[in-house]
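Below: the structure, in structure tokens.
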Amino acid sequence: MSIEHRSLWLAVVLVLPLAIAQAAQAETIQVVIDKMAFSPTAISAKVGDTIEWINKDPVVHTATVKGEWEVMLPAKKSVTQRLEKKEAVDFYCRFHPNMKGKLTVD
Amino acid sequence: MFVRPIAALAGLCLFAAAPFAQAQDKPTDPQIAHIAYTAGVIDVEAGKLAKDKSKTKDVVDFANQMIQDHEAVNVQALDLVKKLNVTPEDNATSKALTKAATEKRAELSALDGAAFDKAYLDNEVAYHKQVNEALEKVLIPSAQNAELKQLLETGLKLFQGHQAHAEQVAAELK
Ligand SMILES: [Cu+2]
């Protein structure tokens with residue numbers, strides 16, 4: 001086996017399963033906004049997971065972590081957000097601050 | 001001032017508490033639909049005034065949101081009354097709300113700059129608070145149709161959200 005073949009083989013054996021395992025682990029978590037409330041209000045996720053925010057209301061909402069990040073949630077639309085880092089945060093809707101939730105990314 | 005319409009609503013509430021007067025004095029679904037719709041229209045109009053008059057971005061953004069949110073919810077309300085075959089019925093409470101809003105509008109129109117921003121937001125806080133009370137104490141308990149009740153409950157959360165948002169914007173102006 002040549003060096004090139006061996007390194008290709010190593011790449012297939014070592015890297016590919018890892019990539020498949022990661023892809024299999026990454027989940028999409030649906031959070032529904034309906035009648036002025038997030039559901040669920042407590043979200044647990046892992047780095048690499050995606051949140052699908054599904055806004056069923058006829059009004060625009062946001063998912064905002066003060067001083068950190070904000071996702072705009074247009075009326076009657078879905079928006080996806082990939083979770084890139086570990087964090088445990090409280091989020092709320094900037095337009096309707098009585099709408100609240102918690103997000104934990106491990 | 002919003003003393004009169006709320007007095008009217010409180011009046012309804014008092015009558016509703018008197019056991020034998022309940023049937024006549026509770027607002028009917030067609031009246032409730034009219035009151036809720038009117039309450040939304042009033043805030044849309046106030047928003048349009050603020051959009052024209054204010055030069056503060058946060059205030060204009062807030063006003064635009066009020067216009068969009070209340071217009072969207074009123075479209076839902078109209079769809080529902082159509083589906084339920086209910087014709088919204090004008091009534092003393094709706095008339096009092098409209099009259100008070102017309103007076104408030106004249107008062108706000110006379111102001112400019114920071115004085116306008118403050119008066120508009122203070123009124124938004126007070127107005128949403130009073131509508132919330134009316135929804136909680138009179139309109140929601142009086143509503144007969146389950147779908148209308150549900151729409152009012154969502155409306156209450158929306159108005160509560162707006163009240164909280166108005167309080168935040170008002171606090172940030174200072
Ligand atoms: Cu919202």
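So you can find residues: chains in the structure tokens are A, B, ... in the order shown, residues in each start at 1, and ligands are numbered from 1 in order.
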
Taking only C-alpha atoms and all ligand atoms into account, produce a table as a Markdown table in which each residue of chain A with an atom at most 12 Å from an atom of ligand 1 appears once, together with its shortest atom pair and the distance in Å to one decimal, ordered by chain and rising number.
```
| residue | atom | partner | partner_atom_place_in_ligand_line | distance |
| --- | --- | --- | --- | --- |
| A:Ile33 | CA | ligand 1 | 1 (Cu) | 8.7 |
| A:Asp34 | CA | ligand 1 | 1 (Cu) | 10.0 |
| A:Lys35 | CA | ligand 1 | 1 (Cu) | 9.7 |
| A:Met36 | CA | ligand 1 | 1 (Cu) | 6.4 |
| A:Ala37 | CA | ligand 1 | 1 (Cu) | 8.0 |
| A:Phe38 | CA | ligand 1 | 1 (Cu) | 9.3 |
| A:Asn55 | CA | ligand 1 | 1 (Cu) | 9.7 |
| A:Lys56 | CA | ligand 1 | 1 (Cu) | 11.3 |
| A:Asp57 | CA | ligand 1 | 1 (Cu) | 9.0 |
| A:Pro58 | CA | ligand 1 | 1 (Cu) | 10.3 |
| A:Val59 | CA | ligand 1 | 1 (Cu) | 7.3 |
| A:Val60 | CA | ligand 1 | 1 (Cu) | 6.2 |
| A:His61 | CA | ligand 1 | 1 (Cu) | 3.7 |
| A:Thr62 | CA | ligand 1 | 1 (Cu) | 5.9 |
| A:Ala63 | CA | ligand 1 | 1 (Cu) | 8.2 |
| A:Thr64 | CA | ligand 1 | 1 (Cu) | 10.1 |
| A:Val71 | CA | ligand 1 | 1 (Cu) | 11.5 |
| A:Met72 | CA | ligand 1 | 1 (Cu) | 9.8 |
| A:Leu73 | CA | ligand 1 | 1 (Cu) | 8.5 |
| A:Pro74 | CA | ligand 1 | 1 (Cu) | 9.9 |
| A:Ala75 | CA | ligand 1 | 1 (Cu) | 9.8 |
| A:Phe91 | CA | ligand 1 | 1 (Cu) | 11.4 |
| A:Tyr92 | CA | ligand 1 | 1 (Cu) | 8.1 |
| A:Cys93 | CA | ligand 1 | 1 (Cu) | 4.7 |
| A:Arg94 | CA | ligand 1 | 1 (Cu) | 6.5 |
| A:Phe95 | CA | ligand 1 | 1 (Cu) | 4.8 |
| A:His96 | CA | ligand 1 | 1 (Cu) | 4.1 |
| A:Pro97 | CA | ligand 1 | 1 (Cu) | 7.0 |
| A:Asn98 | CA | ligand 1 | 1 (Cu) | 8.1 |
| A:Met99 | CA | ligand 1 | 1 (Cu) | 6.4 |
| A:Lys100 | CA | ligand 1 | 1 (Cu) | 9.3 |
| A:Gly101 | CA | ligand 1 | 1 (Cu) | 11.9 |
```

Contact table chain B vs chain A, cut-off 9 Å, shortest pair per residue, only C-alpha atoms, as CSV:
```
residue,atom,partner,partner_atom,distance
B:Phe62,CA,A:Phe95,CA,8.2
B:Gln65,CA,A:Phe95,CA,7.8
B:Gln68,CA,A:Val59,CA,7.3
B:Asp69,CA,A:Val59,CA,5.5
B:His70,CA,A:Val59,CA,8.8
B:Ala72,CA,A:Pro58,CA,5.9
B:Val73,CA,A:Pro58,CA,7.1
B:Gln76,CA,A:Pro58,CA,8.3
B:Leu151,CA,A:Lys35,CA,8.6
B:Glu153,CA,A:Lys35,CA,8.6
B:Thr154,CA,A:Lys35,CA,5.4
B:Gly155,CA,A:Lys35,CA,8.5
B:Lys157,CA,A:Met36,CA,6.3
B:Leu158,CA,A:Met36,CA,6.6
B:Phe159,CA,A:His96,CA,8.7
B:Gln160,CA,A:Asn98,CA,7.1
B:Gly161,CA,A:His96,CA,4.0
B:His162,CA,A:His96,CA,5.8
B:Gln163,CA,A:His96,CA,8.3
B:Ala164,CA,A:Pro97,CA,6.0
B:His165,CA,A:His96,CA,6.0
B:Gln168,CA,A:Pro97,CA,8.9
```

Same residues, C-alpha atoms, saved as a short mmCIF file (atom, residue, chain, number, x, y, z; two decimals), in the first residue's frame:
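Saved to again_16.cif:
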```
data_model
loop_
_atom_site.label_atom_id
_atom_site.label_comp_id
_atom_site.auth_asym_id
_atom_site.auth_seq_id
_atom_site.Cartn_x
_atom_site.Cartn_y
_atom_site.Cartn_z
CA PHE B 62 -42.57 51.34 18.58
CA GLN B 65 -45.05 47.96 15.71
CA GLN B 68 -48.69 46.40 12.50
CA ASP B 69 -49.67 44.33 15.54
CA HIS B 70 -53.10 45.85 16.07
CA ALA B 72 -52.92 42.13 12.19
CA VAL B 73 -55.01 41.20 15.22
CA GLN B 76 -58.04 38.08 12.76
CA LEU B 151 -59.02 35.63 20.67
CA GLU B 153 -57.13 36.02 25.73
CA THR B 154 -54.47 36.25 23.02
CA GLY B 155 -55.34 39.95 22.71
CA LYS B 157 -51.25 38.84 26.13
CA LEU B 158 -50.56 41.13 23.18
CA PHE B 159 -51.70 44.23 25.08
CA GLN B 160 -49.69 43.15 28.14
CA GLY B 161 -46.65 42.75 25.90
CA HIS B 162 -47.18 46.20 24.44
CA GLN B 163 -47.55 47.69 27.90
CA ALA B 164 -44.22 46.14 28.97
CA HIS B 165 -42.57 47.29 25.75
CA GLN B 168 -39.14 49.92 28.41
#
```

Shell around Lys48 of chain B at 10 Å using only C-alpha atoms, local window under 3 positions removed, as a PyMOL selection string: chain B and resi 42-45+51-53+60+63-64+66-67

Next, dump the selected residues to file, keeping only N, CA and C atoms, as a CSV table (one decimal), in the first residue's frame.
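File out_24.csv, as written:
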```csv
chain,number,residue,atom,x,y,z
B,42,ILE,N,-58.0,52.4,17.9
B,42,ILE,CA,-57.5,53.6,18.6
B,42,ILE,C,-56.0,53.6,18.7
B,43,ASP,N,-55.4,52.4,19.0
B,43,ASP,CA,-54.0,52.4,19.1
B,43,ASP,C,-53.2,52.5,17.8
B,44,VAL,N,-53.9,52.0,16.7
B,44,VAL,CA,-53.3,52.2,15.4
B,44,VAL,C,-53.3,53.7,15.0
B,45,GLU,N,-54.4,54.4,15.3
B,45,GLU,CA,-54.4,55.8,15.0
B,45,GLU,C,-53.4,56.6,15.8
B,51,LYS,N,-45.9,58.3,14.4
B,51,LYS,CA,-45.0,58.1,13.3
B,51,LYS,C,-44.8,59.4,12.5
B,52,ASP,N,-45.9,60.2,12.4
B,52,ASP,CA,-45.8,61.5,11.7
B,52,ASP,C,-45.0,62.5,12.6
B,53,LYS,N,-45.2,62.5,13.9
B,53,LYS,CA,-44.7,63.6,14.7
B,53,LYS,C,-43.3,63.3,15.3
B,60,VAL,N,-40.6,55.9,16.9
B,60,VAL,CA,-41.2,55.6,15.6
B,60,VAL,C,-41.2,54.1,15.4
B,63,ALA,N,-44.1,52.8,17.4
B,63,ALA,CA,-45.4,53.2,16.8
B,63,ALA,C,-45.7,52.3,15.6
B,64,ASN,N,-44.7,52.0,14.8
B,64,ASN,CA,-44.8,51.1,13.7
B,64,ASN,C,-45.3,49.7,14.1
B,66,MET,N,-46.9,49.0,16.9
B,66,MET,CA,-48.3,49.1,17.3
B,66,MET,C,-49.3,49.0,16.1
B,67,ILE,N,-48.9,49.8,15.1
B,67,ILE,CA,-49.8,49.8,13.9
B,67,ILE,C,-49.9,48.4,13.3
```

Test item, strand (DSSP E) assignment across segment 19-97 of chain A, answer as a short mmCIF file (atom, residue, chain, number, x, y, z; two decimals) with N, CA, C and O atoms, in the first residue's frame:
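Here's the written file states_39.cif:
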```cif
data_model
loop_
_atom_site.label_atom_id
_atom_site.label_comp_id
_atom_site.auth_asym_id
_atom_site.auth_seq_id
_atom_site.Cartn_x
_atom_site.Cartn_y
_atom_site.Cartn_z
N THR A 28 -32.54 18.95 15.10
CA THR A 28 -33.30 20.17 14.88
C THR A 28 -34.41 20.22 15.93
O THR A 28 -35.18 19.28 16.07
N ILE A 29 -34.41 21.29 16.68
CA ILE A 29 -35.38 21.43 17.77
C ILE A 29 -36.41 22.48 17.35
O ILE A 29 -36.05 23.60 17.00
N GLN A 30 -37.65 22.07 17.39
CA GLN A 30 -38.69 23.02 16.98
C GLN A 30 -39.22 23.79 18.18
O GLN A 30 -39.55 23.20 19.21
N VAL A 31 -39.27 25.10 18.04
CA VAL A 31 -39.88 25.96 19.06
C VAL A 31 -41.02 26.71 18.38
O VAL A 31 -40.79 27.43 17.40
N VAL A 32 -42.21 26.50 18.87
CA VAL A 32 -43.38 27.11 18.24
C VAL A 32 -43.77 28.37 19.01
O VAL A 32 -43.76 28.38 20.24
N ILE A 33 -44.06 29.42 18.27
CA ILE A 33 -44.59 30.64 18.88
C ILE A 33 -46.04 30.75 18.42
O ILE A 33 -46.30 30.90 17.23
N PHE A 38 -43.86 31.27 23.70
CA PHE A 38 -42.91 30.28 23.18
C PHE A 38 -43.28 28.92 23.74
O PHE A 38 -43.68 28.81 24.91
N SER A 39 -43.13 27.87 22.92
CA SER A 39 -43.39 26.52 23.41
C SER A 39 -42.42 25.54 22.76
O SER A 39 -42.40 25.44 21.54
N ALA A 42 -38.54 26.12 27.94
CA ALA A 42 -37.18 25.71 28.32
C ALA A 42 -36.63 24.80 27.23
O ALA A 42 -37.20 23.75 26.95
N ILE A 43 -35.55 25.24 26.59
CA ILE A 43 -34.97 24.49 25.48
C ILE A 43 -33.59 23.98 25.89
O ILE A 43 -32.76 24.75 26.35
N SER A 44 -33.37 22.66 25.70
CA SER A 44 -32.04 22.09 25.93
C SER A 44 -31.50 21.63 24.59
O SER A 44 -32.20 20.94 23.85
N ALA A 45 -30.25 22.00 24.31
CA ALA A 45 -29.68 21.64 23.01
C ALA A 45 -28.18 21.41 23.17
O ALA A 45 -27.62 21.61 24.24
N THR A 50 -29.74 22.69 15.67
CA THR A 50 -30.41 23.82 15.03
C THR A 50 -31.77 24.03 15.69
O THR A 50 -32.48 23.06 15.95
N ILE A 51 -32.09 25.28 15.96
CA ILE A 51 -33.44 25.59 16.43
C ILE A 51 -34.25 26.05 15.24
O ILE A 51 -33.80 26.89 14.46
N GLU A 52 -35.43 25.46 15.09
CA GLU A 52 -36.36 25.96 14.08
C GLU A 52 -37.45 26.73 14.83
O GLU A 52 -38.25 26.13 15.55
N TRP A 53 -37.42 28.04 14.70
CA TRP A 53 -38.43 28.90 15.35
C TRP A 53 -39.62 28.98 14.40
O TRP A 53 -39.48 29.46 13.27
N ILE A 54 -40.77 28.48 14.83
CA ILE A 54 -41.95 28.48 13.97
C ILE A 54 -42.96 29.48 14.52
O ILE A 54 -43.62 29.22 15.54
N ASN A 55 -43.05 30.64 13.87
CA ASN A 55 -43.95 31.68 14.37
C ASN A 55 -45.32 31.54 13.70
O ASN A 55 -45.48 31.82 12.52
N HIS A 61 -42.24 38.61 16.01
CA HIS A 61 -41.63 38.46 17.33
C HIS A 61 -40.10 38.45 17.16
O HIS A 61 -39.59 38.44 16.04
N THR A 62 -39.41 38.41 18.30
CA THR A 62 -37.97 38.17 18.26
C THR A 62 -37.62 37.15 19.33
O THR A 62 -38.39 36.97 20.28
N ALA A 63 -36.48 36.49 19.15
CA ALA A 63 -35.87 35.74 20.25
C ALA A 63 -34.59 36.50 20.52
O ALA A 63 -33.69 36.55 19.68
N THR A 64 -34.56 37.15 21.68
CA THR A 64 -33.46 38.08 21.98
C THR A 64 -32.78 37.69 23.28
O THR A 64 -33.46 37.44 24.28
N VAL A 65 -31.46 37.63 23.24
CA VAL A 65 -30.68 37.51 24.47
C VAL A 65 -29.99 38.85 24.63
O VAL A 65 -29.17 39.24 23.80
N TRP A 69 -27.45 38.20 21.35
CA TRP A 69 -27.89 37.96 19.98
C TRP A 69 -29.40 38.11 19.87
O TRP A 69 -30.11 38.16 20.89
N GLU A 70 -29.86 38.21 18.64
CA GLU A 70 -31.30 38.36 18.40
C GLU A 70 -31.66 37.69 17.07
O GLU A 70 -30.95 37.85 16.08
N VAL A 71 -32.73 36.94 17.10
CA VAL A 71 -33.25 36.36 15.86
C VAL A 71 -34.63 36.98 15.62
O VAL A 71 -35.49 36.95 16.50
N MET A 72 -34.80 37.56 14.44
CA MET A 72 -36.10 38.13 14.05
C MET A 72 -37.02 37.00 13.61
O MET A 72 -36.59 36.13 12.84
N LEU A 73 -38.24 37.02 14.08
CA LEU A 73 -39.20 35.96 13.74
C LEU A 73 -40.42 36.57 13.05
O LEU A 73 -41.40 36.93 13.69
N SER A 78 -41.08 30.51 9.44
CA SER A 78 -40.12 29.75 10.23
C SER A 78 -38.71 30.25 9.95
O SER A 78 -38.40 30.61 8.82
N VAL A 79 -37.90 30.26 10.99
CA VAL A 79 -36.52 30.71 10.87
C VAL A 79 -35.63 29.68 11.57
O VAL A 79 -35.98 29.21 12.65
N THR A 80 -34.51 29.31 10.95
CA THR A 80 -33.62 28.37 11.63
C THR A 80 -32.37 29.09 12.14
O THR A 80 -31.92 30.07 11.56
N GLN A 81 -31.87 28.55 13.25
CA GLN A 81 -30.70 29.15 13.90
C GLN A 81 -29.78 28.01 14.34
O GLN A 81 -30.21 27.16 15.13
N ARG A 82 -28.53 27.96 13.84
CA ARG A 82 -27.59 26.93 14.28
C ARG A 82 -26.92 27.40 15.56
O ARG A 82 -26.52 28.56 15.67
N GLU A 87 -23.89 27.78 25.93
CA GLU A 87 -24.41 28.93 26.70
C GLU A 87 -25.67 28.52 27.46
O GLU A 87 -26.35 27.56 27.10
N ALA A 88 -25.95 29.25 28.52
CA ALA A 88 -27.19 29.07 29.27
C ALA A 88 -27.76 30.47 29.44
O ALA A 88 -27.20 31.28 30.19
N VAL A 89 -28.81 30.76 28.70
CA VAL A 89 -29.28 32.15 28.63
C VAL A 89 -30.81 32.25 28.75
O VAL A 89 -31.54 31.29 28.46
N ASP A 90 -31.25 33.41 29.19
CA ASP A 90 -32.68 33.74 29.16
C ASP A 90 -32.92 34.53 27.88
O ASP A 90 -32.16 35.44 27.56
N PHE A 91 -33.95 34.15 27.15
CA PHE A 91 -34.29 34.95 25.98
C PHE A 91 -35.71 35.49 26.14
O PHE A 91 -36.49 34.99 26.95
N TYR A 92 -36.02 36.52 25.38
CA TYR A 92 -37.35 37.11 25.43
C TYR A 92 -37.66 37.73 24.08
O TYR A 92 -36.80 37.78 23.19
#
```

query: Which residues, written as a list in words, have at least one atom at most 7 Å from segment 46-49 of chain A, with only C-alpha atoms counted and residues fewer than 4 positions away on the same chain left out?
result: Ala26, Glu27, Thr28, Arg82, Leu83, Glu84, Lys85, Lys86, Val105 and Asp106 of chain A

- prompt: Quick one, how far is atom CA of Leu108 of chain B from atom CA of Ser54 of chain B?
  reply: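 Pair atom CA of Leu108 of chain B / atom CA of Ser54 of chain B returns 11.0 Å.
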
message: Please extract the residues of segment 11-89 of chain A with a backbone DSSP assignment of alpha helix (DSSP H) and present them as a list in words.
response: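 Selection result, alpha helix (DSSP H) within segment 11-89 of chain A: Leu16, Pro17, Leu18, Ala19, Ile20, Ala21, Gln22, Ala23, Ala24 and Gln25 of chain A.
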
File of the preceding selection, N, CA and C atoms, as a PDB file, in the first residue's frame:
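As written to disk, selection_8.pdb reads:
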```pdb
ATOM      1  N   LEU A  16     -14.442   9.913   8.246  1.00  0.00           N
ATOM      2  CA  LEU A  16     -15.806   9.771   7.742  1.00  0.00           C
ATOM      3  C   LEU A  16     -16.792   9.323   8.829  1.00  0.00           C
ATOM      4  N   PRO A  17     -16.458   8.263   9.582  1.00  0.00           N
ATOM      5  CA  PRO A  17     -17.412   7.860  10.642  1.00  0.00           C
ATOM      6  C   PRO A  17     -17.664   8.973  11.643  1.00  0.00           C
ATOM      7  N   LEU A  18     -16.609   9.735  11.914  1.00  0.00           N
ATOM      8  CA  LEU A  18     -16.728  10.852  12.861  1.00  0.00           C
ATOM      9  C   LEU A  18     -17.732  11.873  12.325  1.00  0.00           C
ATOM     10  N   ALA A  19     -17.581  12.169  11.049  1.00  0.00           N
ATOM     11  CA  ALA A  19     -18.476  13.148  10.424  1.00  0.00           C
ATOM     12  C   ALA A  19     -19.912  12.636  10.438  1.00  0.00           C
ATOM     13  N   ILE A  20     -20.068  11.338  10.150  1.00  0.00           N
ATOM     14  CA  ILE A  20     -21.413  10.748  10.146  1.00  0.00           C
ATOM     15  C   ILE A  20     -22.011  10.785  11.551  1.00  0.00           C
ATOM     16  N   ALA A  21     -21.164  10.454  12.547  1.00  0.00           N
ATOM     17  CA  ALA A  21     -21.637  10.454  13.933  1.00  0.00           C
ATOM     18  C   ALA A  21     -22.100  11.849  14.340  1.00  0.00           C
ATOM     19  N   GLN A  22     -21.313  12.862  13.934  1.00  0.00           N
ATOM     20  CA  GLN A  22     -21.688  14.239  14.287  1.00  0.00           C
ATOM     21  C   GLN A  22     -22.984  14.653  13.607  1.00  0.00           C
ATOM     22  N   ALA A  23     -23.076  14.288  12.329  1.00  0.00           N
ATOM     23  CA  ALA A  23     -24.281  14.648  11.581  1.00  0.00           C
ATOM     24  C   ALA A  23     -25.502  13.973  12.202  1.00  0.00           C
ATOM     25  N   ALA A  24     -25.313  12.730  12.637  1.00  0.00           N
ATOM     26  CA  ALA A  24     -26.428  11.985  13.220  1.00  0.00           C
ATOM     27  C   ALA A  24     -26.835  12.581  14.557  1.00  0.00           C
ATOM     28  N   GLN A  25     -25.860  13.111  15.270  1.00  0.00           N
ATOM     29  CA  GLN A  25     -26.157  13.652  16.594  1.00  0.00           C
ATOM     30  C   GLN A  25     -26.848  15.018  16.533  1.00  0.00           C
TER      31      GLN A  25
END
```

query: In Å to one decimal, how far is atom CA of Leu156 of chain B from atom CA of Leu139 of chain B?
result: 10.2 Å

- request: Would you work out the distance separating atom CA of Pro88 of chain B from atom CA of Asn145 of chain B, expressed in Å to one decimal?
  value: 13.5 Å

I'd like the neighbourhood of Ala115 of chain B as a compact mmCIF listing (two decimals) with all heavy atoms, in the first residue's frame, where a residue qualifies if any of its atoms comes within 12 Å (using only C-alpha atoms), though same-chain residues fewer than 6 positions away should be ignored.
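Contents of selection35.txt, freshly written:
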```txt
# COMPACT_ATOMS: atom_id res chain seq x y z
N ALA B 50 -47.94 59.26 16.03
CA ALA B 50 -46.56 59.24 16.54
C ALA B 50 -45.55 59.09 15.41
O ALA B 50 -44.48 59.71 15.41
CB ALA B 50 -46.40 58.11 17.55
N LYS B 53 -45.24 62.46 13.88
CA LYS B 53 -44.71 63.55 14.72
C LYS B 53 -43.33 63.31 15.31
O LYS B 53 -42.56 64.25 15.48
CB LYS B 53 -45.70 63.83 15.87
CG LYS B 53 -47.02 64.43 15.39
CD LYS B 53 -47.65 65.29 16.45
CE LYS B 53 -46.82 66.54 16.71
NZ LYS B 53 -47.61 67.65 17.24
N SER B 54 -43.04 62.07 15.68
CA SER B 54 -41.80 61.84 16.42
C SER B 54 -40.59 61.78 15.51
O SER B 54 -40.68 61.34 14.36
CB SER B 54 -41.89 60.54 17.23
OG SER B 54 -40.68 60.35 17.95
N LYS B 55 -39.45 62.22 16.03
CA LYS B 55 -38.20 62.12 15.28
C LYS B 55 -37.24 61.17 15.98
O LYS B 55 -36.08 61.04 15.59
CB LYS B 55 -37.57 63.52 15.15
CG LYS B 55 -38.37 64.38 14.20
CD LYS B 55 -37.85 65.79 14.07
CE LYS B 55 -38.64 66.57 13.05
NZ LYS B 55 -40.08 66.68 13.44
N THR B 56 -37.74 60.49 17.00
CA THR B 56 -36.90 59.56 17.76
C THR B 56 -37.10 58.15 17.20
O THR B 56 -38.23 57.66 17.15
CB THR B 56 -37.30 59.58 19.25
OG1 THR B 56 -37.34 60.95 19.67
CG2 THR B 56 -36.33 58.81 20.11
N GLU B 107 -54.75 66.56 22.36
CA GLU B 107 -53.75 66.93 23.37
C GLU B 107 -52.34 66.61 22.85
O GLU B 107 -51.43 67.43 22.95
CB GLU B 107 -54.07 66.11 24.62
CG GLU B 107 -53.44 66.55 25.90
CD GLU B 107 -53.77 65.53 27.01
OE1 GLU B 107 -54.97 65.15 27.16
OE2 GLU B 107 -52.83 65.09 27.70
N LEU B 108 -52.17 65.41 22.29
CA LEU B 108 -50.86 64.99 21.79
C LEU B 108 -50.42 65.81 20.57
O LEU B 108 -49.24 66.13 20.42
CB LEU B 108 -50.87 63.50 21.42
CG LEU B 108 -50.93 62.49 22.56
CD1 LEU B 108 -51.11 61.07 22.03
CD2 LEU B 108 -49.67 62.57 23.43
N SER B 109 -51.40 66.15 19.74
CA SER B 109 -51.09 66.90 18.51
C SER B 109 -50.47 68.25 18.82
O SER B 109 -49.70 68.79 18.01
CB SER B 109 -52.35 67.11 17.68
OG SER B 109 -52.86 65.86 17.28
N LEU B 121 -45.77 57.97 24.89
CA LEU B 121 -45.43 56.71 25.55
C LEU B 121 -46.15 56.55 26.88
O LEU B 121 -46.61 55.44 27.21
CB LEU B 121 -43.92 56.58 25.72
CG LEU B 121 -43.22 56.19 24.41
CD1 LEU B 121 -41.72 56.39 24.50
CD2 LEU B 121 -43.54 54.75 24.00
N ASP B 122 -46.25 57.63 27.64
CA ASP B 122 -46.99 57.55 28.91
C ASP B 122 -48.43 57.12 28.64
O ASP B 122 -49.00 56.30 29.36
CB ASP B 122 -46.98 58.90 29.64
CG ASP B 122 -45.63 59.19 30.29
OD1 ASP B 122 -44.77 58.27 30.30
OD2 ASP B 122 -45.42 60.32 30.76
N ALA B 170 -40.16 53.95 27.19
CA ALA B 170 -40.29 55.17 27.99
C ALA B 170 -39.10 55.34 28.93
O ALA B 170 -38.55 56.44 29.07
CB ALA B 170 -41.59 55.16 28.77
N LEU B 173 -35.95 56.52 27.19
CA LEU B 173 -35.94 57.91 26.69
C LEU B 173 -35.22 58.83 27.66
O LEU B 173 -34.69 59.86 27.28
CB LEU B 173 -37.37 58.42 26.52
CG LEU B 173 -38.12 58.02 25.26
CD1 LEU B 173 -39.49 58.67 25.25
CD2 LEU B 173 -37.34 58.39 24.01
N LYS B 174 -35.24 58.45 28.94
CA LYS B 174 -34.70 59.36 29.94
C LYS B 174 -33.17 59.30 30.01
O LYS B 174 -32.57 58.39 29.53
CB LYS B 174 -35.32 59.02 31.31
CG LYS B 174 -36.75 59.54 31.35
CD LYS B 174 -37.63 58.74 32.31
CE LYS B 174 -39.09 58.92 31.99
NZ LYS B 174 -39.93 57.91 32.62
```
